[in-house]
file protein39.pdb (PDB, C-alpha atoms and all ligand atoms)
ATOM      1  CA  MET A   1     108.473 194.224 109.084  1.00  0.00           C
ATOM      2  CA  THR A   2     107.379 190.760 110.122  1.00  0.00           C
ATOM      3  CA  GLY A   3     103.905 191.718 111.314  1.00  0.00           C
ATOM      4  CA  SER A   4     101.969 190.030 114.094  1.00  0.00           C
ATOM      5  CA  PRO A   5     102.573 186.318 114.639  1.00  0.00           C
ATOM      6  CA  ILE A   6      99.599 184.152 113.695  1.00  0.00           C
ATOM      7  CA  PRO A   7      97.859 182.902 116.849  1.00  0.00           C
ATOM      8  CA  PRO A   8      97.780 179.101 117.203  1.00  0.00           C
ATOM      9  CA  TRP A   9      93.985 178.904 116.836  1.00  0.00           C
ATOM     10  CA  VAL A  10      94.041 180.352 113.320  1.00  0.00           C
ATOM     11  CA  ILE A  11      93.530 177.570 110.769  1.00  0.00           C
ATOM     12  CA  THR A  12      94.696 178.731 107.359  1.00  0.00           C
ATOM     13  CA  ASP A  13      95.385 175.529 105.430  1.00  0.00           C
ATOM     14  CA  GLN A  14      92.160 173.534 105.789  1.00  0.00           C
ATOM     15  CA  ARG A  15      88.451 174.277 105.814  1.00  0.00           C
ATOM     16  CA  ALA A  16      88.240 173.247 109.471  1.00  0.00           C
ATOM     17  CA  GLN A  17      90.482 171.225 111.714  1.00  0.00           C
ATOM     18  CA  LEU A  18      90.084 168.979 114.713  1.00  0.00           C
ATOM     19  CA  ILE A  19      92.831 170.195 117.017  1.00  0.00           C
ATOM     20  CA  THR A  20      93.990 169.182 120.455  1.00  0.00           C
ATOM     21  CA  VAL A  21      93.701 172.098 122.829  1.00  0.00           C
ATOM     22  CA  GLY A  22      97.113 173.171 124.073  1.00  0.00           C
ATOM     23  CA  PRO A  23      98.112 174.246 127.563  1.00  0.00           C
ATOM     24  CA  TRP A  24      97.701 178.006 127.050  1.00  0.00           C
ATOM     25  CA  TRP A  25      94.108 178.632 126.080  1.00  0.00           C
ATOM     26  CA  PRO A  26      91.162 176.504 127.119  1.00  0.00           C
ATOM     27  CA  ALA A  27      87.779 177.252 125.599  1.00  0.00           C
ATOM     28  CA  VAL A  28      84.394 177.840 127.160  1.00  0.00           C
ATOM     29  CA  THR A  29      81.337 176.681 125.228  1.00  0.00           C
ATOM     30  CA  VAL A  30      77.785 177.873 125.732  1.00  0.00           C
ATOM     31  CA  PRO A  31      74.567 176.848 123.925  1.00  0.00           C
ATOM     32  CA  GLU A  32      73.836 179.092 120.970  1.00  0.00           C
ATOM     33  CA  ASP A  33      70.221 179.762 121.928  1.00  0.00           C
ATOM     34  CA  TRP A  34      71.022 181.778 125.051  1.00  0.00           C
ATOM     35  CA  GLY A  35      74.646 182.417 124.045  1.00  0.00           C
ATOM     36  CA  VAL A  36      73.451 185.019 121.581  1.00  0.00           C
ATOM     37  CA  LEU A  37      71.696 186.811 124.452  1.00  0.00           C
ATOM     38  CA  MET A  38      74.865 186.873 126.508  1.00  0.00           C
ATOM     39  CA  ALA A  39      76.920 188.172 123.564  1.00  0.00           C
ATOM     40  CA  GLU A  40      75.149 191.477 124.074  1.00  0.00           C
ATOM     41  CA  ALA A  41      76.277 191.601 127.713  1.00  0.00           C
ATOM     42  CA  LEU A  42      79.807 190.901 126.525  1.00  0.00           C
ATOM     43  CA  ALA A  43      79.563 194.056 124.418  1.00  0.00           C
ATOM     44  CA  GLY A  44      82.203 193.179 121.853  1.00  0.00           C
ATOM     45  CA  ALA A  45      84.817 192.138 124.430  1.00  0.00           C
ATOM     46  CA  SER A  46      84.679 188.468 123.533  1.00  0.00           C
ATOM     47  CA  GLY A  47      88.065 188.051 121.890  1.00  0.00           C
ATOM     48  CA  PRO A  48      88.347 185.131 119.442  1.00  0.00           C
ATOM     49  CA  ALA A  49      85.100 183.138 119.450  1.00  0.00           C
ATOM     50  CA  PHE A  50      83.288 180.969 116.957  1.00  0.00           C
ATOM     51  CA  HIS A  51      79.879 179.481 116.259  1.00  0.00           C
ATOM     52  CA  GLU A  52      79.606 175.698 115.900  1.00  0.00           C
ATOM     53  CA  PRO A  53      76.320 175.171 114.014  1.00  0.00           C
ATOM     54  CA  GLY A  54      76.353 171.351 114.135  1.00  0.00           C
ATOM     55  CA  LEU A  55      76.426 171.136 117.924  1.00  0.00           C
ATOM     56  CA  ARG A  56      74.781 174.540 118.264  1.00  0.00           C
ATOM     57  CA  TYR A  57      77.128 176.261 120.615  1.00  0.00           C
ATOM     58  CA  LEU A  58      79.347 179.311 120.813  1.00  0.00           C
ATOM     59  CA  VAL A  59      83.002 178.783 121.703  1.00  0.00           C
ATOM     60  CA  TYR A  60      85.087 181.421 123.494  1.00  0.00           C
ATOM     61  CA  LEU A  61      88.846 181.048 123.834  1.00  0.00           C
ATOM     62  CA  VAL A  62      90.186 182.232 127.193  1.00  0.00           C
ATOM     63  CA  PRO A  63      93.701 182.576 128.589  1.00  0.00           C
ATOM     64  CA  GLY A  64      95.177 180.549 131.438  1.00  0.00           C
ATOM     65  CA  GLN A  65      94.173 177.095 132.614  1.00  0.00           C
ATOM     66  CA  ALA A  66      90.428 177.642 133.061  1.00  0.00           C
ATOM     67  CA  GLU A  67      90.968 177.904 136.792  1.00  0.00           C
ATOM     68  CA  GLY A  68      87.924 178.531 138.897  1.00  0.00           C
ATOM     69  CA  TRP A  69      85.245 177.526 136.380  1.00  0.00           C
ATOM     70  CA  PRO A  70      82.658 175.484 138.291  1.00  0.00           C
ATOM     71  CA  ASP A  71      80.926 172.439 136.885  1.00  0.00           C
ATOM     72  CA  ALA A  72      78.042 174.098 135.092  1.00  0.00           C
ATOM     73  CA  GLU A  73      77.262 171.394 132.532  1.00  0.00           C
ATOM     74  CA  ALA A  74      73.670 171.432 133.776  1.00  0.00           C
ATOM     75  CA  ALA A  75      73.372 174.955 132.388  1.00  0.00           C
ATOM     76  CA  GLY A  76      75.099 173.887 129.169  1.00  0.00           C
ATOM     77  CA  VAL A  77      78.396 175.620 129.998  1.00  0.00           C
ATOM     78  CA  SER A  78      81.424 173.411 129.292  1.00  0.00           C
ATOM     79  CA  VAL A  79      85.162 173.984 129.512  1.00  0.00           C
ATOM     80  CA  VAL A  80      87.369 172.425 126.820  1.00  0.00           C
ATOM     81  CA  ARG A  81      90.732 171.964 128.510  1.00  0.00           C
ATOM     82  CA  ALA A  82      94.270 171.111 127.473  1.00  0.00           C
ATOM     83  CA  GLY A  83      94.340 167.737 125.732  1.00  0.00           C
ATOM     84  CA  ASP A  84      90.661 167.838 124.710  1.00  0.00           C
ATOM     85  CA  PRO A  85      89.699 167.799 121.005  1.00  0.00           C
ATOM     86  CA  LEU A  86      88.125 170.897 119.487  1.00  0.00           C
ATOM     87  CA  LEU A  87      86.888 171.416 115.938  1.00  0.00           C
ATOM     88  CA  VAL A  88      88.045 174.868 114.851  1.00  0.00           C
ATOM     89  CA  PRO A  89      86.825 176.689 111.726  1.00  0.00           C
ATOM     90  CA  HIS A  90      89.078 177.984 108.999  1.00  0.00           C
ATOM     91  CA  VAL A  91      90.045 181.632 109.342  1.00  0.00           C
ATOM     92  CA  ASP A  92      87.565 182.499 106.558  1.00  0.00           C
ATOM     93  CA  GLY A  93      84.860 180.191 107.883  1.00  0.00           C
ATOM     94  CA  THR A  94      83.261 177.217 106.170  1.00  0.00           C
ATOM     95  CA  PHE A  95      79.890 175.464 106.088  1.00  0.00           C
ATOM     96  CA  VAL A  96      78.301 172.625 108.049  1.00  0.00           C
ATOM     97  CA  GLY A  97      75.462 171.596 105.786  1.00  0.00           C
ATOM     98  CA  LEU A  98      73.843 174.899 104.899  1.00  0.00           C
ATOM     99  CA  GLN A  99      75.025 176.676 108.038  1.00  0.00           C
ATOM    100  CA  ARG A 100      78.161 178.746 108.422  1.00  0.00           C
ATOM    101  CA  PHE A 101      80.865 177.476 110.768  1.00  0.00           C
ATOM    102  CA  HIS A 102      82.771 180.647 111.382  1.00  0.00           C
ATOM    103  CA  TRP A 103      84.572 183.038 113.685  1.00  0.00           C
ATOM    104  CA  LEU A 104      82.445 185.691 115.335  1.00  0.00           C
ATOM    105  CA  ALA A 105      85.228 188.146 116.139  1.00  0.00           C
ATOM    106  CA  SER A 106      88.645 189.053 114.823  1.00  0.00           C
ATOM    107  CA  LEU A 107      91.144 186.302 115.494  1.00  0.00           C
ATOM    108  CA  MET A 108      93.856 188.821 116.218  1.00  0.00           C
ATOM    109  CA  LYS A 109      92.013 190.281 119.216  1.00  0.00           C
ATOM    110  CA  PRO A 110      93.262 189.448 122.712  1.00  0.00           C
ATOM    111  CA  LEU A 111      91.628 186.431 124.325  1.00  0.00           C
ATOM    112  CA  ALA A 112      88.463 187.103 126.281  1.00  0.00           C
ATOM    113  CA  SER A 113      88.814 188.000 129.939  1.00  0.00           C
ATOM    114  CA  PRO A 114      87.545 184.911 131.826  1.00  0.00           C
ATOM    115  CA  ALA A 115      86.018 187.168 134.474  1.00  0.00           C
ATOM    116  CA  ARG A 116      84.210 189.272 131.871  1.00  0.00           C
ATOM    117  CA  LEU A 117      83.000 186.179 130.042  1.00  0.00           C
ATOM    118  CA  ARG A 118      81.676 184.616 133.228  1.00  0.00           C
ATOM    119  CA  GLU A 119      79.999 187.878 134.168  1.00  0.00           C
ATOM    120  CA  ALA A 120      78.214 187.929 130.800  1.00  0.00           C
ATOM    121  CA  ILE A 121      77.149 184.292 131.165  1.00  0.00           C
ATOM    122  CA  GLU A 122      75.868 184.823 134.694  1.00  0.00           C
ATOM    123  CA  ALA A 123      74.009 187.974 133.648  1.00  0.00           C
ATOM    124  CA  THR A 124      72.024 185.699 131.340  1.00  0.00           C
ATOM    125  CA  VAL A 125      71.600 182.398 133.203  1.00  0.00           C
ATOM    126  CA  GLY A 126      72.428 183.218 136.837  1.00  0.00           C
ATOM    127  CA  PRO A 127      75.300 182.110 139.096  1.00  0.00           C
ATOM    128  CA  LEU A 128      77.224 179.175 137.681  1.00  0.00           C
ATOM    129  CA  GLU A 129      78.229 177.880 141.096  1.00  0.00           C
ATOM    130  CA  HIS A 130      74.620 176.931 141.719  1.00  0.00           C
ATOM    131  CA  ALA A 131      73.872 175.734 138.190  1.00  0.00           C
ATOM    132  CA  GLY A 132      74.740 172.101 138.914  1.00  0.00           C
ATOM    133  CA  GLY A 133      71.577 171.399 140.859  1.00  0.00           C
ATOM    134  CA  LYS A 134      69.298 173.073 138.367  1.00  0.00           C
ATOM    135  CA  GLY A 135      67.954 172.124 134.997  1.00  0.00           C
ATOM    136  CA  PRO A 136      69.066 173.401 131.593  1.00  0.00           C
ATOM    137  CA  VAL A 137      68.373 176.949 130.516  1.00  0.00           C
ATOM    138  CA  ARG A 138      66.073 177.312 127.515  1.00  0.00           C
ATOM    139  CA  VAL A 139      65.006 180.346 125.527  1.00  0.00           C
ATOM    140  CA  CYS A 140      61.317 180.962 125.005  1.00  0.00           C
ATOM    141  CA  CYS A 141      60.526 180.879 121.285  1.00  0.00           C
ATOM    142  CA  GLU A 142      57.766 183.422 121.794  1.00  0.00           C
ATOM    143  CA  CYS A 143      59.282 186.138 123.994  1.00  0.00           C
ATOM    144  CA  GLY A 144      63.017 185.318 123.889  1.00  0.00           C
ATOM    145  CA  SER A 145      63.397 185.073 127.667  1.00  0.00           C
ATOM    146  CA  PRO A 146      65.920 182.598 129.116  1.00  0.00           C
ATOM    147  CA  THR A 147      64.136 180.271 131.514  1.00  0.00           C
ATOM    148  CA  ARG A 148      64.494 176.987 133.379  1.00  0.00           C
ATOM    149  CA  ALA A 149      60.723 176.589 133.654  1.00  0.00           C
ATOM    150  CA  ALA A 150      60.338 175.723 129.989  1.00  0.00           C
ATOM    151  CA  VAL A 151      57.770 173.660 128.112  1.00  0.00           C
ATOM    152  CA  LEU A 152      58.890 171.820 124.982  1.00  0.00           C
ATOM    153  CA  VAL A 153      56.554 172.910 122.191  1.00  0.00           C
ATOM    154  CA  ASP A 154      58.199 171.640 118.978  1.00  0.00           C
ATOM    155  CA  VAL A 155      61.020 169.411 117.731  1.00  0.00           C
ATOM    156  CA  PHE A 156      62.679 169.171 114.332  1.00  0.00           C
ATOM    157  CA  VAL A 157      65.143 166.403 113.504  1.00  0.00           C
ATOM    158  CA  PRO A 158      67.399 167.485 110.631  1.00  0.00           C
ATOM    159  CA  MET A 159      69.495 165.037 108.605  1.00  0.00           C
ATOM    160  CA  SER A 160      72.887 166.514 109.378  1.00  0.00           C
ATOM    161  CA  SER A 161      72.822 167.789 112.939  1.00  0.00           C
ATOM    162  CA  SER A 162      71.311 167.258 116.353  1.00  0.00           C
ATOM    163  CA  PRO A 163      67.545 167.729 116.891  1.00  0.00           C
ATOM    164  CA  ARG A 164      66.303 171.279 117.107  1.00  0.00           C
ATOM    165  CA  GLU A 165      63.888 171.967 119.945  1.00  0.00           C
ATOM    166  CA  TRP A 166      61.662 174.920 120.685  1.00  0.00           C
ATOM    167  CA  TYR A 167      60.503 175.858 124.155  1.00  0.00           C
ATOM    168  CA  ALA A 168      58.029 178.265 125.707  1.00  0.00           C
ATOM    169  CA  CYS A 169      58.404 179.959 129.064  1.00  0.00           C
ATOM    170  CA  ALA A 170      55.722 179.352 131.674  1.00  0.00           C
ATOM    171  CA  ALA A 171      54.114 182.754 131.102  1.00  0.00           C
ATOM    172  CA  CYS A 172      53.771 182.299 127.339  1.00  0.00           C
ATOM    173  CA  TRP A 173      52.683 178.688 127.736  1.00  0.00           C
ATOM    174  CA  ASN A 174      49.960 179.641 130.192  1.00  0.00           C
ATOM    175  CA  ARG A 175      48.772 182.402 127.879  1.00  0.00           C
ATOM    176  CA  TRP A 176      48.629 179.964 124.964  1.00  0.00           C
ATOM    177  CA  GLN A 177      46.586 177.581 127.095  1.00  0.00           C
ATOM    178  CA  ARG A 178      44.092 180.364 127.616  1.00  0.00           C
ATOM    179  CA  GLY A 179      43.957 180.946 123.873  1.00  0.00           C
ATOM    180  CA  GLN A 180      45.869 184.216 124.092  1.00  0.00           C
ATOM    181  CA  LYS A 181      48.678 183.743 121.617  1.00  0.00           C
ATOM    182  CA  ALA A 182      49.974 187.287 121.792  1.00  0.00           C
ATOM    183  CA  ARG A 183      53.582 188.393 122.038  1.00  0.00           C
ATOM    184  CA  HIS A 184      55.032 190.169 125.028  1.00  0.00           C
ATOM    185  CA  LEU A 185      55.949 193.763 124.606  1.00  0.00           C
ATOM    186  CA  ARG A 186      59.708 193.728 124.920  1.00  0.00           C
ATOM    187  CA  ALA A 187      62.469 196.233 124.352  1.00  0.00           C
ATOM    188  CA  VAL A 188      64.399 195.814 121.122  1.00  0.00           C
ATOM    189  CA  PRO A 189      67.944 197.191 121.545  1.00  0.00           C
ATOM    190  CA  GLY A 190      68.648 200.046 119.174  1.00  0.00           C
ATOM    191  CA  ALA A 191      65.027 200.464 118.107  1.00  0.00           C
ATOM    192  CA  ALA A 192      64.040 203.124 120.651  1.00  0.00           C
ATOM    193  CA  ALA A 193      65.254 206.101 118.615  1.00  0.00           C
ATOM    194  CA  GLN A 194      63.598 205.036 115.371  1.00  0.00           C
TER     195      GLN A 194
HETATM  196 ZN    ZN A 201      57.900 183.575 126.821  1.00  0.00          ZN
END
call {"tool": "encode", "arguments": {"input": "protein39.pdb", "output": "structure tokens", "more": "lines below"}}
Ligand SMILES: [Zn+2]
result
Amino acid sequence: MTGSPIPPWVITDQRAQLITVGPWWPAVTVPEDWGVLMAEALAGASGPAFHEPGLRYLVYLVPGQAEGWPDAEAAGVSVVRAGDPLLVPHVDGTFVGLQRFHWLASLMKPLASPARLREAIEATVGPLEHAGGKGPVRVCCECGSPTRAAVLVDVFVPMSSSPREWYACAACWNRWQRGQKARHLRAVPGAAAQ
């Protein structure tokens, strides 16, 4: 008769809202460039998550107190804890400039399993416990591989958000230097049967 209660992260009365994270669900943010690669490893088990196009990261809400998450800022993985501010999109999404600021999964789903989320992150960028001593993870603009041995190949500075950078992995960069600007052959999920 009364239906499901509306979870506290659902913003229904404004286009977006800067909230203070409460004590029950911290959030884990990952850069969008390799975050989209890890979303495949998560296989739809993300729970409520949204894309922040201005800062270019994906945000996953997780239960508990974010216990056990190591400092992995070097890899671009941050934990937004109780008391921290977090800009949350409206339930129907909104726009930041020309880009959508929106939820990626149903808001009524259970929160993501922290263990499953970490597993998906580590499947993409390696163990987080050892991320602190390493450089940031980039995604090669040519072959799509995540890599720490990246070469910056282009930068675009938009008016309304942070600079956009493009990187090449060492293999693609070396091939370009030899004048061989050819793409890798790489598997495209779902394309095999076509
Ligand atoms: Zn590459």
call {"tool": "closest_residue", "arguments": {"input": "protein39.pdb", "among": "A:Leu117, A:Ala149, A:Cys172, A:Leu107", "to": "Ile11 in chain A", "atoms": "only C-alpha atoms"}}
result
A:Leu107
call {"tool": "closest_residue", "arguments": {"input": "protein39.pdb", "among": "A:Trp69, A:Trp166, A:Trp173, A:Phe156", "to": "ligand ZN 201 (chain A)", "atoms": "only C-alpha atoms and all ligand atoms"}}
result
A:Trp173
call {"tool": "closest_atom_pairs", "arguments": {"input": "protein39.pdb", "of": "chain A", "to": "ligand ZN 201 (chain A)", "cutoff": "6 Å", "atoms": "all atoms listed in the file", "output": "JSON lines"}}
result
{"residue": "A:Cys140", "atom": "CA", "partner": "A:ZN201", "partner_atom": "ZN", "distance": 4.7}
{"residue": "A:Glu142", "atom": "CA", "partner": "A:ZN201", "partner_atom": "ZN", "distance": 5.0}
{"residue": "A:Cys143", "atom": "CA", "partner": "A:ZN201", "partner_atom": "ZN", "distance": 4.1}
{"residue": "A:Ser145", "atom": "CA", "partner": "A:ZN201", "partner_atom": "ZN", "distance": 5.8}
{"residue": "A:Ala168", "atom": "CA", "partner": "A:ZN201", "partner_atom": "ZN", "distance": 5.4}
{"residue": "A:Cys169", "atom": "CA", "partner": "A:ZN201", "partner_atom": "ZN", "distance": 4.3}
{"residue": "A:Ala171", "atom": "CA", "partner": "A:ZN201", "partner_atom": "ZN", "distance": 5.8}
{"residue": "A:Cys172", "atom": "CA", "partner": "A:ZN201", "partner_atom": "ZN", "distance": 4.4}
call {"tool": "axis_aligned_box", "arguments": {"input": "protein39.pdb", "around": "range 125-134 of chain A", "padding_each_side": "4 Å", "output": "JSON"}}
result
{"center_x": 73.8, "center_y": 177.3, "center_z": 137.5, "size_x": 16.9, "size_y": 19.8, "size_z": 16.5}
call {"tool": "atom_distance", "arguments": {"input": "protein39.pdb", "atom1": "CA of Glu32 in chain A", "atom2": "CA of Gly44 in chain A"}}
result
16.4 Å
call {"tool": "residues_around", "arguments": {"input": "protein39.pdb", "residues": "Thr94 in chain A", "least_positions_apart": "4", "cutoff": "12 Å", "atoms": "all atoms listed in the file", "output": "list in words"}}
result
Ile11, Thr12, Gln14, Arg15, Ala16, Gln17, Phe50, His51, Glu52, Pro53, Leu87, Val88, Pro89, His90, Leu98, Gln99, Arg100, Phe101, His102 and Trp103 of chain A
call {"tool": "closest_residue", "arguments": {"input": "protein39.pdb", "among": "A:Val91, A:Ala170, A:Val36, A:Val157", "to": "Ser106 in chain A", "atoms": "all atoms listed in the file"}}
result
A:Val91
call {"tool": "resolve_selection", "arguments": {"input": "protein39.pdb", "expression": "the PyMOL selection byres (((chain A and resi 79) around 7) and not hetatm)", "output": "PyMOL selection string"}}
result
chain A and resi 26-29+77-78+80-81
call {"tool": "atom_distance", "arguments": {"input": "protein39.pdb", "atom1": "CA of Leu61 in chain A", "atom2": "CA of Leu37 in chain A"}}
result
18.1 Å
call {"tool": "closest_residue", "arguments": {"input": "protein39.pdb", "among": "A:Asp84, A:Glu73, A:Glu67, A:Glu40", "to": "Val137 in chain A", "atoms": "all atoms listed in the file"}}
result
A:Glu73
call {"tool": "residues_around", "arguments": {"input": "protein39.pdb", "residues": "Thr20 in chain A", "least_positions_apart": "6", "cutoff": "8 Å", "atoms": "only C-alpha atoms", "output": "list in words"}}
result
Ala82, Gly83, Asp84, Pro85 and Leu86 of chain A
call {"tool": "closest_residue", "arguments": {"input": "protein39.pdb", "among": "A:Gln65, A:Pro7, A:Glu119, A:Gly97", "to": "Met159 in chain A", "atoms": "only C-alpha atoms"}}
result
A:Gly97
call {"tool": "residues_around", "arguments": {"input": "protein39.pdb", "residues": "Pro127 in chain A", "least_positions_apart": "6", "cutoff": "12 Å", "atoms": "only C-alpha atoms", "output": "number ranges by chain"}}
result
A: 69-72, 75, 77, 118-121, 133-134
call {"tool": "atom_distance", "arguments": {"input": "protein39.pdb", "atom1": "CA of Gly179 in chain A", "atom2": "CA of Val153 in chain A"}}
result
15.0 Å
call {"tool": "closest_residue", "arguments": {"input": "protein39.pdb", "among": "A:Pro8, A:Gly35, A:Pro110, A:Pro163", "to": "Glu122 in chain A", "atoms": "all atoms listed in the file"}}
result
A:Gly35
call {"tool": "build_atoms", "arguments": {"input": "protein39.pdb", "residues": "range 120-141 of chain A", "atoms": "N, CA and C atoms", "output": "PDB file, in the frame of the given file"}}
result
ATOM      1  N   ALA A 120      79.231 187.870 131.860  1.00  0.00           N
ATOM      2  CA  ALA A 120      78.214 187.929 130.800  1.00  0.00           C
ATOM      3  C   ALA A 120      77.327 186.689 130.834  1.00  0.00           C
ATOM      4  N   ILE A 121      77.937 185.526 131.079  1.00  0.00           N
ATOM      5  CA  ILE A 121      77.149 184.292 131.165  1.00  0.00           C
ATOM      6  C   ILE A 121      76.188 184.368 132.342  1.00  0.00           C
ATOM      7  N   GLU A 122      76.709 184.810 133.491  1.00  0.00           N
ATOM      8  CA  GLU A 122      75.868 184.823 134.694  1.00  0.00           C
ATOM      9  C   GLU A 122      74.791 185.899 134.624  1.00  0.00           C
ATOM     10  N   ALA A 123      75.046 186.955 133.840  1.00  0.00           N
ATOM     11  CA  ALA A 123      74.009 187.974 133.648  1.00  0.00           C
ATOM     12  C   ALA A 123      72.829 187.389 132.887  1.00  0.00           C
ATOM     13  N   THR A 124      73.073 186.304 132.163  1.00  0.00           N
ATOM     14  CA  THR A 124      72.024 185.699 131.340  1.00  0.00           C
ATOM     15  C   THR A 124      71.357 184.513 132.027  1.00  0.00           C
ATOM     16  N   VAL A 125      72.170 183.639 132.661  1.00  0.00           N
ATOM     17  CA  VAL A 125      71.600 182.398 133.203  1.00  0.00           C
ATOM     18  C   VAL A 125      71.766 182.252 134.713  1.00  0.00           C
ATOM     19  N   GLY A 126      72.295 183.284 135.379  1.00  0.00           N
ATOM     20  CA  GLY A 126      72.428 183.218 136.837  1.00  0.00           C
ATOM     21  C   GLY A 126      73.752 182.619 137.263  1.00  0.00           C
ATOM     22  N   PRO A 127      74.000 182.570 138.573  1.00  0.00           N
ATOM     23  CA  PRO A 127      75.300 182.110 139.096  1.00  0.00           C
ATOM     24  C   PRO A 127      75.636 180.688 138.666  1.00  0.00           C
ATOM     25  N   LEU A 128      76.826 180.505 138.144  1.00  0.00           N
ATOM     26  CA  LEU A 128      77.224 179.175 137.681  1.00  0.00           C
ATOM     27  C   LEU A 128      77.506 178.220 138.830  1.00  0.00           C
ATOM     28  N   GLU A 129      77.913 178.754 139.966  1.00  0.00           N
ATOM     29  CA  GLU A 129      78.229 177.880 141.096  1.00  0.00           C
ATOM     30  C   GLU A 129      77.023 177.070 141.541  1.00  0.00           C
ATOM     31  N   HIS A 130      75.840 177.612 141.296  1.00  0.00           N
ATOM     32  CA  HIS A 130      74.620 176.931 141.719  1.00  0.00           C
ATOM     33  C   HIS A 130      73.897 176.273 140.550  1.00  0.00           C
ATOM     34  N   ALA A 131      74.550 176.264 139.375  1.00  0.00           N
ATOM     35  CA  ALA A 131      73.872 175.734 138.190  1.00  0.00           C
ATOM     36  C   ALA A 131      73.761 174.219 138.221  1.00  0.00           C
ATOM     37  N   GLY A 132      74.691 173.558 138.938  1.00  0.00           N
ATOM     38  CA  GLY A 132      74.740 172.101 138.914  1.00  0.00           C
ATOM     39  C   GLY A 132      73.467 171.433 139.379  1.00  0.00           C
ATOM     40  N   GLY A 133      72.777 172.023 140.327  1.00  0.00           N
ATOM     41  CA  GLY A 133      71.577 171.399 140.859  1.00  0.00           C
ATOM     42  C   GLY A 133      70.310 171.813 140.138  1.00  0.00           C
ATOM     43  N   LYS A 134      70.480 172.578 139.075  1.00  0.00           N
ATOM     44  CA  LYS A 134      69.298 173.073 138.367  1.00  0.00           C
ATOM     45  C   LYS A 134      69.247 172.489 136.962  1.00  0.00           C
ATOM     46  N   GLY A 135      68.137 172.654 136.337  1.00  0.00           N
ATOM     47  CA  GLY A 135      67.954 172.124 134.997  1.00  0.00           C
ATOM     48  C   GLY A 135      68.573 173.024 133.942  1.00  0.00           C
ATOM     49  N   PRO A 136      68.507 172.595 132.681  1.00  0.00           N
ATOM     50  CA  PRO A 136      69.066 173.401 131.593  1.00  0.00           C
ATOM     51  C   PRO A 136      68.305 174.703 131.383  1.00  0.00           C
ATOM     52  N   VAL A 137      69.002 175.673 130.832  1.00  0.00           N
ATOM     53  CA  VAL A 137      68.373 176.949 130.516  1.00  0.00           C
ATOM     54  C   VAL A 137      67.882 176.897 129.070  1.00  0.00           C
ATOM     55  N   ARG A 138      66.638 177.254 128.863  1.00  0.00           N
ATOM     56  CA  ARG A 138      66.073 177.312 127.515  1.00  0.00           C
ATOM     57  C   ARG A 138      65.718 178.748 127.199  1.00  0.00           C
ATOM     58  N   VAL A 139      65.460 179.012 125.925  1.00  0.00           N
ATOM     59  CA  VAL A 139      65.006 180.346 125.527  1.00  0.00           C
ATOM     60  C   VAL A 139      63.599 180.212 124.955  1.00  0.00           C
ATOM     61  N   CYS A 140      62.710 181.009 125.461  1.00  0.00           N
ATOM     62  CA  CYS A 140      61.317 180.962 125.005  1.00  0.00           C
ATOM     63  C   CYS A 140      61.244 181.390 123.536  1.00  0.00           C
ATOM     64  N   CYS A 141      60.609 180.558 122.711  1.00  0.00           N
ATOM     65  CA  CYS A 141      60.526 180.879 121.285  1.00  0.00           C
ATOM     66  C   CYS A 141      59.546 182.006 121.008  1.00  0.00           C
TER      67      CYS A 141
END
